[in-house]
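Visitor: So that we are looking at the same thing, I have put the structure below in structure tokens.
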Amino acid sequence: MNIKAIREQFPILHQEINGHPLVYLDSAATSQKPRSVIDAVNRYYELDNANVHRGVHTLGSRATDAYEGAREKVAAFLNAASTQEIIFTRGTTTALNLVASSYARSVCGEGDEIVITPMEHHSNLIPWQQAAKATGATIKYIPLQEDGSISLEDVENTITDRTKVVSATYVSNVLGIINPIKQITAIAHRHGAKMVVDGAQSTPHMKVDVQDLDCDFYAFSGHKMCGPTGIGALYGKKALLESMEPIEYGGEMIDFVDLYESTWKELPWKFEGGTPIIAGAVGLGAAIDFLNEIGMDEITKHEQVLAAYAYDRLSTIDGITIYGPEEGRTGLVTFNLEDVHPHDVATVLDTKGIAIRAGHHCCQPLMRWLEVSATARASFYVYNTEEDVDRLLDALHQTKEFFGYAIG
């Protein structure tokens with residue numbers, strides 16, 4: 001994998017921040033965009049801008065072909081059985097809310113259970129809280145091991161025949177842990193429950209096969225995988241999606257409208273009311289092309305090497321705490337420097353041109369489990385190098401010096 005050639009395709013990386021070459025280590029929040037994605041979005045607006053599924057004119061046909069072509073790319077990328085199983089959304093949050101609001105509220109009742117984990121992003125926690133409140137269901141949590149991982153024995157002990165929905169992140173955005181989703185899905189199915197997967201942090205970094213996982217729903221965002229913001233998708237098994245009611249109503253999703261009754265289009269369009277995010281879908285399709293050209297297996301290997309290198313280098317700093325297991329993580333490292341608030345760490349690093357994330361990462365229950373209010377996080381992607389990690393390490397040493405601590 002030619003990292004130098006890959007980096008050349010990202011215009012934003014070729015700049016200085018506060019007098020230093022930019023080192024972007026916040027891809028878990030949002031990834032940068034290659035020239036091919038930027039050009040694809042611009043080309044749509046410059047040449048093909050029109051609404052989809054409506055006009056018979058040339059621009060409308062080209063826009064529709066581009067939009068539905070992107071859906072075909074998403075279906076192939078996830079190995080979905082059909083494009084009818086791919087619903088375009090604004091991102092992971094919208095996709096998970098769709099499942100919680102439409103499916104969960106229709107199947108849950110008093111005494112039923114919704115099972116999640118304490119490591120979930122708020123987007124995969126709050127929708128289930130609201131579904132439970134609306135239906136009388138109970139939320140249960142699969143406990144975490146000492147290193148933050150999940151034990152299948154605990155999964156077996158938490159899921160029961162009263163469980164209707166199990167939802168878990170494939171990859172933790174704080175701990176970098178890859179959860180055993182295929183095995184959790186099998187346990188959920190043995191109890192008659194449906195499996196919902198938050199794929200926001202997995203889809204950009206590893207090959208995903210929803211048929212192999214056998215999950216019932218899978219959500220992801222385009223902006224974390226080199227695509228534009230404001231676009232993502234929900235995969236759902238066709239029979240389940242057909243049984244669900246839309247939660248947004250209006251143009252584009254209807255079949256027939258009378259004064260007092262209406263009927264819906266077939267899948268996937270019954271869930272895509274209003275003018276869709278056409279340019280975003282085009283950009284997402286271009287991002288998938290870009291990632292496929294590199295190869296998801298190559299991306300995974302590159303990030304695992306970087307994460308291991310970063311873990312080893314950071315471990316040499318006296319007074320640092322690194323969260324999550326050393327082995328089996330994706331390309332991120334979450335940490336704290338003793339007696340230095342992570343916001344202060346991030347601020348000092350920014351003066352050196354290094355962008356990291358600091359805060360609770362939309363995982364406040366997990367922060368409480370870790371017994372911290374916030375953490376710092378460096379996250380890597382296909383365009384990062386070991387030199388970026390070295391710059392991070394040097395800057396962290398300077399941060400410690402700035403706050404008056406001896407370097408270990």
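Ligands are numbered from 1 in the order shown, chains are lettered A, B, ... in the order of the structure tokens, and residues start at 1 in each chain.
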Just the residues within 10 Å of range 365-374 of chain A, please, counting only C-alpha atoms, with nothing from its chain fewer than 5 positions along; format it as a list in words.

Guide: Thr117, Pro118, Met119, Glu120, His121, His122, Leu125, Leu144, Glu146, Asp147, Gly148, Val174, Leu175, Tyr323, Gly324, Phe335, Asn336, His341, Pro342, His343, Ala358, Gly359 and His360 of chain A

Visitor: Which residue gives the smallest distance to Arg62 in chain A among A:Arg190, A:Ile177, A:Ile278, A:Val23, with only C-alpha atoms counted?

Guide: A:Ile278

Visitor: Pick the closest to Asp198 in chain A from A:Ala279, A:Leu96, A:Gln364, A:Ser262: which is it, counting only C-alpha atoms?

Guide: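 Among A:Ala279, A:Leu96, A:Gln364, A:Ser262, it is A:Leu96 that comes nearest to Asp198 in chain A.
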
Visitor: Near Leu78 in chain A, counting only C-alpha atoms, which residues have an atom at most 7 Å away, once you skip same-chain residues fewer than 3 positions from it, shown as a list in words?

Guide: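 So the residues in contact are Val74, Ala75, Val208, Asp209 and Val210 of chain A.
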
Visitor: Given the selection you just returned, output its residues as a file containing all heavy atoms, formatted as a PDB file, in the first residue's frame.

Guide:
```pdb
ATOM      1  N   VAL A  74     -23.370   0.468  -2.293  1.00  0.00           N
ATOM      2  CA  VAL A  74     -23.504   0.205  -0.858  1.00  0.00           C
ATOM      3  C   VAL A  74     -23.905  -1.245  -0.623  1.00  0.00           C
ATOM      4  O   VAL A  74     -23.343  -1.933   0.243  1.00  0.00           O
ATOM      5  CB  VAL A  74     -24.520   1.160  -0.214  1.00  0.00           C
ATOM      6  CG1 VAL A  74     -24.805   0.744   1.232  1.00  0.00           C
ATOM      7  CG2 VAL A  74     -24.019   2.594  -0.255  1.00  0.00           C
ATOM      8  N   ALA A  75     -24.877  -1.725  -1.389  1.00  0.00           N
ATOM      9  CA  ALA A  75     -25.334  -3.103  -1.236  1.00  0.00           C
ATOM     10  C   ALA A  75     -24.190  -4.086  -1.466  1.00  0.00           C
ATOM     11  O   ALA A  75     -24.015  -5.050  -0.700  1.00  0.00           O
ATOM     12  CB  ALA A  75     -26.488  -3.388  -2.202  1.00  0.00           C
ATOM     13  N   VAL A 208     -17.030  -5.787   5.779  1.00  0.00           N
ATOM     14  CA  VAL A 208     -18.292  -6.101   6.454  1.00  0.00           C
ATOM     15  C   VAL A 208     -19.165  -6.933   5.524  1.00  0.00           C
ATOM     16  O   VAL A 208     -19.359  -6.573   4.356  1.00  0.00           O
ATOM     17  CB  VAL A 208     -19.044  -4.813   6.856  1.00  0.00           C
ATOM     18  CG1 VAL A 208     -20.429  -5.145   7.410  1.00  0.00           C
ATOM     19  CG2 VAL A 208     -18.230  -4.021   7.873  1.00  0.00           C
ATOM     20  N   ASP A 209     -19.665  -8.040   6.035  1.00  0.00           N
ATOM     21  CA  ASP A 209     -20.554  -8.919   5.279  1.00  0.00           C
ATOM     22  C   ASP A 209     -21.797  -9.159   6.129  1.00  0.00           C
ATOM     23  O   ASP A 209     -21.780  -9.974   7.051  1.00  0.00           O
ATOM     24  CB  ASP A 209     -19.839 -10.235   4.969  1.00  0.00           C
ATOM     25  CG  ASP A 209     -20.658 -11.174   4.083  1.00  0.00           C
ATOM     26  OD1 ASP A 209     -21.897 -11.076   4.100  1.00  0.00           O
ATOM     27  OD2 ASP A 209     -20.043 -12.009   3.382  1.00  0.00           O
ATOM     28  N   VAL A 210     -22.857  -8.436   5.828  1.00  0.00           N
ATOM     29  CA  VAL A 210     -24.048  -8.513   6.681  1.00  0.00           C
ATOM     30  C   VAL A 210     -24.717  -9.876   6.589  1.00  0.00           C
ATOM     31  O   VAL A 210     -25.358 -10.325   7.557  1.00  0.00           O
ATOM     32  CB  VAL A 210     -25.054  -7.386   6.339  1.00  0.00           C
ATOM     33  CG1 VAL A 210     -24.503  -6.027   6.738  1.00  0.00           C
ATOM     34  CG2 VAL A 210     -25.448  -7.409   4.860  1.00  0.00           C
TER      35      VAL A 210
END
```

Visitor: Enumerate the residues of range 282-392 of chain A with a DSSP assignment of strand (DSSP E), computed from the backbone, and present them as a ChimeraX atom specification.

Guide: /A:320-323,332-337,354-355,357-359,375-379

Visitor: Can you write out the residues you just picked, keeping N, CA, C and O atoms, as a tab-separated table (two decimals), in the first residue's frame?

Guide:
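In the end it all went to result17.tsv:
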```tsv
chain	number	residue	atom	x	y	z
A	320	ILE	N	0.81	7.98	31.81
A	320	ILE	CA	-0.26	7.88	30.82
A	320	ILE	C	-1.12	6.65	31.12
A	320	ILE	O	-0.61	5.62	31.58
A	321	THR	N	-2.41	6.76	30.91
A	321	THR	CA	-3.33	5.64	31.00
A	321	THR	C	-3.95	5.43	29.62
A	321	THR	O	-4.51	6.38	29.05
A	322	ILE	N	-3.84	4.22	29.10
A	322	ILE	CA	-4.43	3.88	27.80
A	322	ILE	C	-5.62	2.96	28.06
A	322	ILE	O	-5.51	1.99	28.81
A	323	TYR	N	-6.75	3.26	27.43
A	323	TYR	CA	-7.98	2.52	27.69
A	323	TYR	C	-8.24	1.49	26.60
A	323	TYR	O	-7.96	1.72	25.42
A	332	LEU	N	-7.38	3.18	16.66
A	332	LEU	CA	-7.49	4.33	17.57
A	332	LEU	C	-6.90	3.98	18.92
A	332	LEU	O	-6.85	2.81	19.32
A	333	VAL	N	-6.42	5.01	19.60
A	333	VAL	CA	-5.88	4.86	20.95
A	333	VAL	C	-6.45	5.99	21.81
A	333	VAL	O	-6.30	7.17	21.48
A	334	THR	N	-7.13	5.60	22.88
A	334	THR	CA	-7.73	6.56	23.80
A	334	THR	C	-6.92	6.57	25.10
A	334	THR	O	-6.58	5.50	25.61
A	335	PHE	N	-6.64	7.76	25.60
A	335	PHE	CA	-5.70	7.84	26.72
A	335	PHE	C	-5.96	9.09	27.56
A	335	PHE	O	-6.70	9.98	27.16
A	336	ASN	N	-5.30	9.14	28.71
A	336	ASN	CA	-5.25	10.34	29.55
A	336	ASN	C	-3.85	10.51	30.10
A	336	ASN	O	-3.17	9.51	30.41
A	337	LEU	N	-3.40	11.75	30.20
A	337	LEU	CA	-2.17	12.08	30.89
A	337	LEU	C	-2.51	12.44	32.34
A	337	LEU	O	-3.45	13.21	32.57
A	354	ILE	N	-1.41	19.25	15.45
A	354	ILE	CA	-1.92	17.88	15.60
A	354	ILE	C	-3.36	17.92	16.07
A	354	ILE	O	-3.67	18.51	17.11
A	355	ALA	N	-4.25	17.30	15.32
A	355	ALA	CA	-5.68	17.29	15.64
A	355	ALA	C	-6.06	15.96	16.25
A	355	ALA	O	-5.95	14.91	15.60
A	357	ARG	N	-9.09	14.21	19.30
A	357	ARG	CA	-10.40	14.45	19.92
A	357	ARG	C	-10.24	14.41	21.43
A	357	ARG	O	-9.51	13.57	21.96
A	358	ALA	N	-10.94	15.27	22.13
A	358	ALA	CA	-10.96	15.25	23.58
A	358	ALA	C	-12.39	15.46	24.06
A	358	ALA	O	-13.12	16.28	23.51
A	359	GLY	N	-12.78	14.71	25.08
A	359	GLY	CA	-14.13	14.85	25.62
A	359	GLY	C	-14.67	13.51	26.04
A	359	GLY	O	-13.92	12.56	26.27
A	375	THR	N	-11.66	11.79	27.99
A	375	THR	CA	-10.39	11.20	27.57
A	375	THR	C	-9.92	11.92	26.30
A	375	THR	O	-10.69	12.63	25.64
A	376	ALA	N	-8.67	11.70	25.97
A	376	ALA	CA	-8.12	12.13	24.67
A	376	ALA	C	-8.09	10.92	23.75
A	376	ALA	O	-7.91	9.79	24.21
A	377	ARG	N	-8.28	11.16	22.46
A	377	ARG	CA	-8.32	10.04	21.51
A	377	ARG	C	-7.60	10.41	20.23
A	377	ARG	O	-7.88	11.44	19.61
A	378	ALA	N	-6.66	9.57	19.84
A	378	ALA	CA	-6.00	9.68	18.54
A	378	ALA	C	-6.51	8.54	17.67
A	378	ALA	O	-6.40	7.37	18.05
A	379	SER	N	-7.08	8.88	16.53
A	379	SER	CA	-7.64	7.85	15.65
A	379	SER	C	-7.02	7.97	14.27
A	379	SER	O	-6.82	9.06	13.74
```

Visitor: Enumerate, as a ChimeraX atom specification, the complete set of residues in range 39-235 of chain A that a backbone-based DSSP assignment places in helix (DSSP H, G or I).

Guide: /A:39-48,58-78,83-85,92-107,122-124,126-135,152-158,181-190,210-213

Visitor: Counting only C-alpha atoms, which of A:Pro34, A:Gly273, A:Tyr67, A:Gly295 gets nearest to Glu8 in chain A?

Guide: A:Pro34

Visitor: Considering only C-alpha atoms, can you say which of A:Lys73, A:Val389, A:Val107, A:Glu113 comes closest to Asp312 in chain A?

Guide: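 When distances to Asp312 in chain A are compared using only C-alpha atoms, the smallest one comes from A:Val389.
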
Visitor: Write out as an NGL selection string the residues lying within 7 Å of range 20-22 of chain A, counting only C-alpha atoms and excluding same-chain residues fewer than 5 positions away.

Guide: :A and (13 or 15 or 352-354)

Visitor: Could those selected residues go to a file with N, CA, C and O atoms, as an mmCIF file, in the first residue's frame?

Guide:
```
data_model
loop_
_atom_site.group_PDB
_atom_site.id
_atom_site.type_symbol
_atom_site.label_atom_id
_atom_site.label_comp_id
_atom_site.auth_asym_id
_atom_site.auth_seq_id
_atom_site.Cartn_x
_atom_site.Cartn_y
_atom_site.Cartn_z
ATOM 1 N N LEU A 13 -4.797 17.659 3.656
ATOM 2 C CA LEU A 13 -3.624 17.279 4.433
ATOM 3 C C LEU A 13 -2.402 18.119 4.102
ATOM 4 O O LEU A 13 -1.435 18.133 4.858
ATOM 5 N N GLN A 15 -1.413 21.233 4.258
ATOM 6 C CA GLN A 15 -1.498 22.579 4.803
ATOM 7 C C GLN A 15 -0.788 22.610 6.145
ATOM 8 O O GLN A 15 -0.476 21.565 6.734
ATOM 9 N N LYS A 352 0.703 22.488 17.898
ATOM 10 C CA LYS A 352 1.752 21.781 17.159
ATOM 11 C C LYS A 352 1.232 21.233 15.830
ATOM 12 O O LYS A 352 1.921 20.471 15.146
ATOM 13 N N GLY A 353 0.003 21.608 15.475
ATOM 14 C CA GLY A 353 -0.572 21.157 14.209
ATOM 15 C C GLY A 353 -1.175 19.776 14.244
ATOM 16 O O GLY A 353 -1.436 19.183 13.196
ATOM 17 N N ILE A 354 -1.411 19.246 15.452
ATOM 18 C CA ILE A 354 -1.917 17.876 15.601
ATOM 19 C C ILE A 354 -3.362 17.917 16.073
ATOM 20 O O ILE A 354 -3.673 18.509 17.115
#
```

Visitor: Residues at most 12 Å from Pro11 in chain A, counting only C-alpha atoms, excluding those fewer than 4 positions away in the same chain, as a list in words?

Guide: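 Residues meeting the cut-off are Ile6, Arg7, Gln15, Glu16, Leu22, Gln32, Lys33, Pro34, Arg35, Ser36, Val37, Ile38, Asp39 and Tyr383 of chain A.
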
Visitor: Could you check which of A:Thr399, A:Gly69, A:Arg90, A:Thr385 is closest to Asp339 in chain A, using only C-alpha atoms?

Guide: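 Closest to Asp339 in chain A of all the choices is A:Thr399.
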
Visitor: Kindly give the distance, in Å, that separates CA of Ala239 in chain A and CA of Ala63 in chain A, rounded to a single decimal.

Guide: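 These two atoms are separated by 28.6 Å.
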
Visitor: Between A:Lys400, A:Arg313, A:Lys224, A:His302, which one has atoms that come closest to Asn2 in chain A, using only C-alpha atoms?

Guide: A:His302

Visitor: Neighbours of Gly250 in chain A within 12 Å (only C-alpha atoms; same-chain residues fewer than 6 positions away dropped), as a PyMOL selection string?

Guide: chain A and resi 256-257+262-265+269-276
